[in-house]
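Peer 1: The structure that follows is given in the form of structure tokens.
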Amino acid sequence: MIKRGDNPSAEMCTLCEEAFTLPEDEVEGNLPRVLLCSHIYCTSCLLSIQSDDVIKCPECKVDSTLPEGGVFGLKEDSGIIGLIYTSKLNRKSRRSSYRKKDESSPLKDINTNTEDVEQSTDIEKIRTAVDEALVQAAENHALLDKINETLKTGLTDQVKRDRARLESEITQAADKASQAIQKWKDEQISELTKLNARFSTGRVELCRVQKKMKALEIAMQMAREVRRVPFLEQYCTLDKVLETLQAPVDEQSFDVKCITLGSGLSSVFQIDCLKPSLALSLAIEVGDPKLLSEPPSSFNRKSSLQRAEGQDRNYNFPSGNDLPTHPKQNQESPKSRSPLSRGSSPIPLGSSNRPRQNDTSHSIDPDVIIEELYKQQQHVLQMVIVTHIVNPSHFYVRYEAENSESENLSEKINVFCSRDSCHFTSSDKVENGSLIFAKSKEGLWCRASVVSVLQIGRADAGKDCPVTQLASVRVFFLDSGLNIRLPIQREEGSTESSLQEVNTQLRKVYEGVNRVLSNFAPQAIRCSLKDLVPYDLTKGWEKDAQVKFSRMVGSAAVDMRHKGQDRDTLLVDLNKVPVNQSSGNPISVREYLVLNEVARYYAPVNLGMRTLLFYPPEYPKVDTEVNAVVSHINTPTDFYIQVVENMESLLLFAKLQDCYNATMMSGDEDFNIYCPVMEQSCVARFKGKLWYRAQIIGNPAGKKVEVQYVDFGIKKILSVSDLRKIKDEFFALPSMAIHCCLSEIIPLDGNTWSETCCNRFVSLAQDKLVTIVATGQPGSQPLPVKLFESSLNGPEANIATLLVKEELASFKDRSAPCRPKSLQETRGSSAEDSTDAIWDSPLELGLDTESVDTPEQKTPGDQTEEQPEFDAQLKLPDQLKDLKVRVSHVNSPSSFYIQLTQNDAQLKKICELVKKQCARMDAEDIMWKADIYCAAQIDGVWERGQICSDVESDNIAEVLRCDHGNKVKIQISDLRPLRPSLTGALALECTLTDIRPAGGRSTWTATACDLISFYLAGASAMVTIKKLTDEHPVPVILSCSNKTGRFVSIADFLVSEGLALRERKPRDVVVKKSEIKETEAPPPVSETQTKGSDVKGINTPPALPPSPLFFAATPISITTSPRPNSRTVMSAEKVKTPMYNPPELPCLGNIQINVSAIGEDGLIYTRTLNAECQLEQLRERIQQSMKTLPRQKPYTWKSVLGCAVIGPDMLWYRGQLLEVLGGHVKVQYVDYGLVENIPVVHVYPVLLCEDVPQLCMPCKLHSINPVGGRWQRDAVALLKELLLNRCVDMRVMELPSDPRDPLSVELFVDGLSLSRILCHHEHASMDQALSVNKEFTVMSARLLDDWDIDTEGLKGPEEPLLGPFIYPNLPQEGERIQVRVKHLWTPNELFLWPVDGADEVDGETLDEVLTRINSDLSSLQRLGNFRQGAPCLAEYRDGKYYRAELIKITSVEPVMILVKHVDFGSDDTLPPSKLRQMCAELMSFPSRALKVKVAGFKPPSKSRQQQQDVLPYSPAWSVKATMDMIDMLHGNITASVVAREPELTVLLYNEDEELVHLPLVSNGLAEFE
């Protein structure tokens, strides 16, 4: 019996798991042989993996070169052979021993003495033995049962695990097969472009027909010209022309039967399905041409089309994804180009020498099988990587599934190129079309095809060229698509150097390598984006198209979708799959390029995808009153409303701002929209600030789209950059804007609404709370409604009736009465009492019901004759409680404007008078100054206004709307002078009392301002004026009605929302009667106010019932509601500051300046070199004067110009206030030019260093016009990149009349004109009108520069070129000297210097010479030569200069240079300003720092210092080891030289004559060498 130890695993090959055998008699053995890497395999396995005299080890991948005898020449492993012999001898010896044992054991006589045995047998012993045996057997059976269960369970788990593994491997193999079939199909389709060559007969006949047609067309053209100009007859042979025209066409002379024959090519599919395997074979076979169809009987258009369709339909190629399969042109080795054959050679099954099986699956048509397979795979992503881009119509891709194959191929190629056999020799030639290896930009060897070669001395490329005469070669990389020219640098007359240079960039491919590479098809597939052409066909594809294409696809994999075929190019579309699949659809590269205006479509594209849409709005019920806000108005029959029902809309808007403002701050691009489509839901920016839900409704091109805000109805044209993808959570609420129209009226002319009517409708309803009654069915577009004005306690007027009354519209029913019912009658009337209804008089705007006269009291004629008087100024009534107002504009709770509803008629009259006055006036040239009253045309309506600040040269004026309170910027051409009798304002600025901002702030938060603005803008309210003073704003209590009709204090609302706090007041107040009356009684009014309160036609409302508190007979002690203190947060201090002094302007000519800022309007802010020096002094002066923060107060910023600003670095700067934006202000740093929006608490209305003028000058470029009339963002970005924080040359061309205006200059960057740079980049164009002046200015500047100045002696001496430093004499080996350590780099690398070294030259030491030089630094010249290794003097931290050596320039912007202090060994990085020229006398002293290596120890192993901090520049050493070594180098140190080459190596000893590194080794911080 053979034991396990007799057949060890060492006797078997680990690759094939077969036993090694020895040669016996005539049988060849399978001996073990050893590779160079010491791995052992059998001879059979080595023969199977041999490749071109090289064997790659299957385990460690090391190549082993075979000796002369090949595999049989490898060394045999004698140890394994000895084991085989020993095992063989042991088996023989065992067999012989068994035979001897069987022969020597005789049979015993069982019958001998039987009776004696039976008598002596003890029955009890037998029973005992049997019982013990049974117990042992039971234990054995239990053990076997346990082993059985273990094996059974283990076998089940083993089968389950292996089944899961095999299922995964089978799935992966099937996926790879599908990819391979798809790749084979693509390659065959690409080869169909060569199909025309197989129809030579048809092409010949086609050429004949075309030649005949061309001759006939020429004759027809000549005949037409002769007919038009008979004089031309003498210049042509008319008879021949007529003969050509009249010649009949012989239809039988053209062979049209040739188009009925096929090419003889067919696609063959074979399958061999065995139980363990499945083999597929796809091939293109060549056969005899077959008749495809009958020859056509006629040549009309219909028959030719049918013939084309029949030809395509009868192609014998399998199709999938509607693409024909390409035949292969090269039929010699079809498997070399098939994806199935990459890396190995498949064996086609089911060929002629193997009979077909009778399985039903084999009887199916192969074309049907392939088509079904492709239909299953048509939705599979074809992920590719774009390897090279020429333009969108010419680029190359590679399948992502071939990454592993590509790595394998690259590894093989680099192995081949490392052999000497691939080097070119002097006898080799490079031919066009040959396959070579070329080095890519990444330094890897790749396959390439030679496109053209250029020989030395020849101007044109040839077919071939000797390697030694090669000047350049153009190659095409087969696996990436890159086509580049490789120049060959060589030395004159040196063949060896030429070969060396060629072999540096190229390698040849010999036959053996070519045979191996034939299994790998080229991986680069040429593609083109279908139906895409250049944006400008005259210019072709521009560089920007390639850049945007490359930026879009990047290096990540993209989805490629086949669209067609054009010769050898696949027509595709690439789709970038989004990171988050749920966030949007794949981004089409074609759509992205078209949107960015670098390409356009040759044919329309159907996207074929739909996006999520918003829920439709909830329409009000018919004949039901609903409160709403008119959000947008186009005409009275085209406007949008929002139903006021709940607060969900406010919550939605708040969430939108938080979400998308956060994405803007973080720079998250996942929500960016690159390719917007029609009807796509999105989130759009409104006026550059807020985000609202929108839907794309148009694409006007120019990187812009038209959107409609679904919650407001407003339509805007926006840039694509202002769009974001919408999150799913924002689809929850339906659209809030309802499209409506007034159901009762039509235009006066019956067709078009007049501009006056639209403007009047806007003034009545825009952004105001109204009551609507739907008269049409819900869902109508637009919804017919009736619109009524809403007031607090008064009647509600029908807006349609008001428009008809003002003769701006007419009723649809002409027989309707001219006076409509009031809303109350509409609500209460019924069919029964409609005949007895009494018509009330129409409600006049601004009049209470008590002041309206009945028809019997006043007729329309009386109204015309008695025009009510009015006052242009605001007159408040005597009773200041519960005034009905309209909030016209809101800045914050401390600043908002109201209009008294009783002044509506007055306001209307004033507007009519202003309009009438301005209609007779033309625009005048007036110097508009601050605080001047004017008439301003705003949105087509003339209103009263007041100039906010002096109008400068930009022709834009900021105007305060006197009757509304807000500020607008308009052109000065829309301004007219206002008559003094019309000056005044009907808007009153107010502030809420009894509250202050929350959070301890002195100003209101943006949230509080936005919330109160949303609720109050345009709303009707009740106001009680607490205290009437001449100061504005006036403290008031403001109340508005909620959904239930109850009035709510706005101050209480802000407190409940946590946006405000109650003003601190005393708890108990003892109020006397006189004090109460003084407080609560109306304030004394002037005579003018008293007169104004008694205006004809306007009666004051009746006073409310008096409170008992106001009529108490005696003083009482009560607990009252807190009253505002005399000085609260809301009372702002009036401050006025002037502007800083204007900058000092330079003279005309050339100067050097520093650019500090670039404005968004293209202004360039500069400082002269003198101003730079003043700026440093100004900084110190400002910081010294502002050592503490001023006391925080609220100010009125209207009159503040110059101010002090706390910058982001918490330092003080001088600024100029530009604009107040709620809780922020826009300021400009006058000494820098920067403009920022900062919190108002960081600005103080004081001037800093008033005597110092502004140091920054605004400049504009001379004689240049920006494209589009204003500087675009990309132009401003280019200006910032070129100029910001740089010193440039400037030529002052013109000085402004106002020193604050910009200078007209020309700037030069490194000698290049900035104007020409901008024109080159197409950001601007030269002003032709100023070209003559420009030339004159340039010539004048040259004449001014030509001064007669004697410069002799002014030029400094040239910098001497000094040699390297002198190194001291090195000590001899074994010599021991006392040293001083100057600098330590690592524990075993340091700089030292002998203590007793000679250090005197001409009686002076080095220290004495350096001290003398540092005492007179003015004599040192700046360093001008920065060559590497040059000596210099470098400034150290102590401010003194020491000897140094230039190492390298570390940065260019700013310029920083790395130097080494030669006397200390340390390095330092310094600017050029801290470097000086080396004195020649210092070069006589040798350097005083020798770099040495300390022998005897080395860094510890990594495992011993894992928990320690290491040196960043030398990770092998720990910081602790370095610090300990520094401590041990103090004191008397001696050094013993161990070696001088290759570097100076020493041993260091301490005072006790012990090696200094021993403590490091004992502490585990180092190891012995």
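Ligands are numbered from 1 in the order shown, residues from 1 within each chain, and chains are lettered A, B, ... in the order they appear in the structure tokens.
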Excluding A:Leu1248 and any residue of its chain fewer than 6 positions from it, enumerate the residues within 7 Å of it, using only C-alpha atoms, and give them as a list of chain:residue names.
Peer 2: A:Ile1182, A:Ala1204, A:Arg1214
Peer 1: Within 10 Å of A:Pro1146, counting only C-alpha atoms, which residues qualify if same-chain residues fewer than 5 places away don't, as a list in words?
Peer 2: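 Neighbouring residues, sequence-local ones excluded: Ile1151, Thr1168, Met1257, Val1292, Leu1295 and Leu1303 of chain A.
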Peer 1: State, in Å with one decimal place, the distance from atom CA of A:Ser1002 to atom CA of A:Asp931.
Peer 2: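 Separation of atom CA of A:Ser1002 and atom CA of A:Asp931: 28.3 Å.
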Peer 1: So that I can check the surroundings of A:Cys42, please list as an mmCIF file with N, CA, C and O atoms, in the first residue's frame every protein, DNA and RNA residue that reaches within 12 Å of it, counting only C-alpha atoms and ignoring chain neighbours fewer than 3 positions away.
Peer 2:
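Final file, out37.cif:
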```cif
data_model
loop_
_atom_site.group_PDB
_atom_site.id
_atom_site.type_symbol
_atom_site.label_atom_id
_atom_site.label_comp_id
_atom_site.auth_asym_id
_atom_site.auth_seq_id
_atom_site.Cartn_x
_atom_site.Cartn_y
_atom_site.Cartn_z
ATOM 1 N N ALA A 10 5.490 17.968 -4.013
ATOM 2 C CA ALA A 10 6.634 18.500 -4.755
ATOM 3 C C ALA A 10 6.905 17.725 -6.012
ATOM 4 O O ALA A 10 7.645 18.178 -6.885
ATOM 5 N N GLU A 11 6.337 16.502 -6.151
ATOM 6 C CA GLU A 11 6.568 15.681 -7.336
ATOM 7 C C GLU A 11 5.554 15.985 -8.436
ATOM 8 O O GLU A 11 5.535 15.301 -9.454
ATOM 9 N N MET A 12 4.713 17.022 -8.286
ATOM 10 C CA MET A 12 3.717 17.391 -9.288
ATOM 11 C C MET A 12 3.951 18.818 -9.760
ATOM 12 O O MET A 12 4.373 19.677 -8.983
ATOM 13 N N CYS A 13 3.635 19.114 -11.003
ATOM 14 C CA CYS A 13 3.742 20.462 -11.579
ATOM 15 C C CYS A 13 2.562 21.290 -11.063
ATOM 16 O O CYS A 13 1.396 20.862 -11.132
ATOM 17 N N THR A 14 2.843 22.484 -10.547
ATOM 18 C CA THR A 14 1.777 23.336 -9.996
ATOM 19 C C THR A 14 0.904 23.963 -11.074
ATOM 20 O O THR A 14 -0.168 24.460 -10.771
ATOM 21 N N LEU A 15 1.339 23.921 -12.332
ATOM 22 C CA LEU A 15 0.566 24.541 -13.413
ATOM 23 C C LEU A 15 -0.466 23.588 -13.982
ATOM 24 O O LEU A 15 -1.639 23.916 -14.106
ATOM 25 N N CYS A 16 -0.051 22.362 -14.313
ATOM 26 C CA CYS A 16 -0.974 21.380 -14.884
ATOM 27 C C CYS A 16 -1.392 20.309 -13.888
ATOM 28 O O CYS A 16 -2.219 19.459 -14.204
ATOM 29 N N GLU A 17 -0.765 20.316 -12.678
ATOM 30 C CA GLU A 17 -1.063 19.355 -11.617
ATOM 31 C C GLU A 17 -0.846 17.912 -12.068
ATOM 32 O O GLU A 17 -1.513 16.982 -11.618
ATOM 33 N N GLU A 18 0.070 17.689 -12.993
ATOM 34 C CA GLU A 18 0.486 16.344 -13.423
ATOM 35 C C GLU A 18 1.818 16.013 -12.772
ATOM 36 O O GLU A 18 2.656 16.893 -12.526
ATOM 37 N N ALA A 19 2.046 14.697 -12.502
ATOM 38 C CA ALA A 19 3.281 14.274 -11.846
ATOM 39 C C ALA A 19 4.451 14.341 -12.807
ATOM 40 O O ALA A 19 4.317 14.115 -14.022
ATOM 41 N N PHE A 20 5.604 14.708 -12.275
ATOM 42 C CA PHE A 20 6.818 14.654 -13.064
ATOM 43 C C PHE A 20 7.174 13.190 -13.333
ATOM 44 O O PHE A 20 7.007 12.320 -12.470
ATOM 45 N N THR A 21 7.694 12.872 -14.534
ATOM 46 C CA THR A 21 8.081 11.483 -14.889
ATOM 47 C C THR A 21 9.501 11.485 -15.420
ATOM 48 O O THR A 21 9.980 12.477 -15.994
ATOM 49 N N LEU A 22 10.158 10.323 -15.223
ATOM 50 C CA LEU A 22 11.534 10.137 -15.695
ATOM 51 C C LEU A 22 11.516 9.416 -17.033
ATOM 52 O O LEU A 22 10.628 8.583 -17.299
ATOM 53 N N GLY A 29 10.380 11.422 -20.832
ATOM 54 C CA GLY A 29 9.888 11.836 -19.532
ATOM 55 C C GLY A 29 9.416 13.287 -19.507
ATOM 56 O O GLY A 29 9.641 14.049 -20.460
ATOM 57 N N ASN A 30 8.746 13.639 -18.434
ATOM 58 C CA ASN A 30 8.258 15.015 -18.211
ATOM 59 C C ASN A 30 9.024 15.569 -17.015
ATOM 60 O O ASN A 30 8.535 15.588 -15.888
ATOM 61 N N LEU A 31 10.262 16.026 -17.266
ATOM 62 C CA LEU A 31 11.174 16.401 -16.200
ATOM 63 C C LEU A 31 10.857 17.808 -15.681
ATOM 64 O O LEU A 31 10.368 18.670 -16.428
ATOM 65 N N PRO A 32 11.149 18.087 -14.397
ATOM 66 C CA PRO A 32 11.003 19.454 -13.856
ATOM 67 C C PRO A 32 12.178 20.331 -14.267
ATOM 68 O O PRO A 32 13.331 19.896 -14.177
ATOM 69 N N ARG A 33 11.875 21.569 -14.711
ATOM 70 C CA ARG A 33 12.934 22.476 -15.148
ATOM 71 C C ARG A 33 12.753 23.827 -14.428
ATOM 72 O O ARG A 33 11.630 24.256 -14.141
ATOM 73 N N VAL A 34 13.871 24.514 -14.200
ATOM 74 C CA VAL A 34 13.906 25.710 -13.369
ATOM 75 C C VAL A 34 14.042 26.952 -14.256
ATOM 76 O O VAL A 34 14.935 27.004 -15.108
ATOM 77 N N LEU A 35 13.158 27.950 -14.046
ATOM 78 C CA LEU A 35 13.264 29.235 -14.744
ATOM 79 C C LEU A 35 14.238 30.145 -14.012
ATOM 80 O O LEU A 35 14.709 29.835 -12.909
ATOM 81 N N HIS A 39 11.242 29.457 -10.184
ATOM 82 C CA HIS A 39 10.019 28.673 -10.167
ATOM 83 C C HIS A 39 10.183 27.457 -11.086
ATOM 84 O O HIS A 39 10.850 27.538 -12.129
ATOM 85 N N CYS A 45 4.471 21.997 -19.887
ATOM 86 C CA CYS A 45 3.894 23.331 -19.650
ATOM 87 C C CYS A 45 4.798 24.432 -20.194
ATOM 88 O O CYS A 45 4.323 25.421 -20.744
ATOM 89 N N LEU A 46 6.102 24.262 -20.040
ATOM 90 C CA LEU A 46 7.031 25.283 -20.539
ATOM 91 C C LEU A 46 6.975 25.373 -22.055
ATOM 92 O O LEU A 46 7.090 26.449 -22.632
ATOM 93 N N LEU A 47 6.813 24.219 -22.714
ATOM 94 C CA LEU A 47 6.691 24.267 -24.175
ATOM 95 C C LEU A 47 5.402 24.968 -24.620
ATOM 96 O O LEU A 47 5.382 25.655 -25.642
ATOM 97 N N SER A 48 4.332 24.867 -23.827
ATOM 98 C CA SER A 48 3.054 25.477 -24.220
ATOM 99 C C SER A 48 3.037 26.988 -24.023
ATOM 100 O O SER A 48 2.317 27.694 -24.706
ATOM 101 N N ILE A 49 3.814 27.499 -23.065
ATOM 102 C CA ILE A 49 3.794 28.950 -22.805
ATOM 103 C C ILE A 49 5.001 29.654 -23.403
ATOM 104 O O ILE A 49 5.225 30.825 -23.161
ATOM 105 N N VAL A 71 13.600 25.099 -24.474
ATOM 106 C CA VAL A 71 13.110 24.609 -23.181
ATOM 107 C C VAL A 71 13.966 23.471 -22.664
ATOM 108 O O VAL A 71 14.237 23.355 -21.463
ATOM 109 N N PHE A 72 14.455 22.588 -23.591
ATOM 110 C CA PHE A 72 15.259 21.433 -23.161
ATOM 111 C C PHE A 72 16.633 21.863 -22.691
ATOM 112 O O PHE A 72 17.368 21.057 -22.107
ATOM 113 N N LEU A 74 17.015 24.280 -20.484
ATOM 114 C CA LEU A 74 16.896 24.783 -19.125
ATOM 115 C C LEU A 74 17.418 23.759 -18.126
ATOM 116 O O LEU A 74 17.373 22.535 -18.349
ATOM 117 N N LYS A 75 17.850 24.251 -16.973
ATOM 118 C CA LYS A 75 18.422 23.381 -15.943
ATOM 119 C C LYS A 75 17.334 22.532 -15.303
ATOM 120 O O LYS A 75 16.256 23.008 -15.002
ATOM 121 N N GLU A 76 17.634 21.239 -15.080
ATOM 122 C CA GLU A 76 16.701 20.324 -14.430
ATOM 123 C C GLU A 76 16.882 20.407 -12.915
ATOM 124 O O GLU A 76 18.002 20.603 -12.422
ATOM 125 N N ASP A 77 15.791 20.234 -12.184
ATOM 126 C CA ASP A 77 15.841 20.272 -10.731
ATOM 127 C C ASP A 77 16.223 18.881 -10.211
ATOM 128 O O ASP A 77 15.423 17.926 -10.278
ATOM 129 N N ILE A 80 14.067 17.273 -7.031
ATOM 130 C CA ILE A 80 12.809 16.584 -7.329
ATOM 131 C C ILE A 80 13.072 15.261 -8.032
ATOM 132 O O ILE A 80 12.399 14.254 -7.770
ATOM 133 N N ILE A 81 14.072 15.243 -8.924
ATOM 134 C CA ILE A 81 14.397 13.978 -9.604
ATOM 135 C C ILE A 81 14.831 12.935 -8.581
ATOM 136 O O ILE A 81 14.472 11.750 -8.644
#
```
Peer 1: Considering only C-alpha atoms, state which residue in the set A:Asp711, A:Glu625, A:Asp994, A:Asp52 is at the smallest distance from A:Gln642.
Peer 2: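 Under the stated criterion, the closest residue is A:Asp711.
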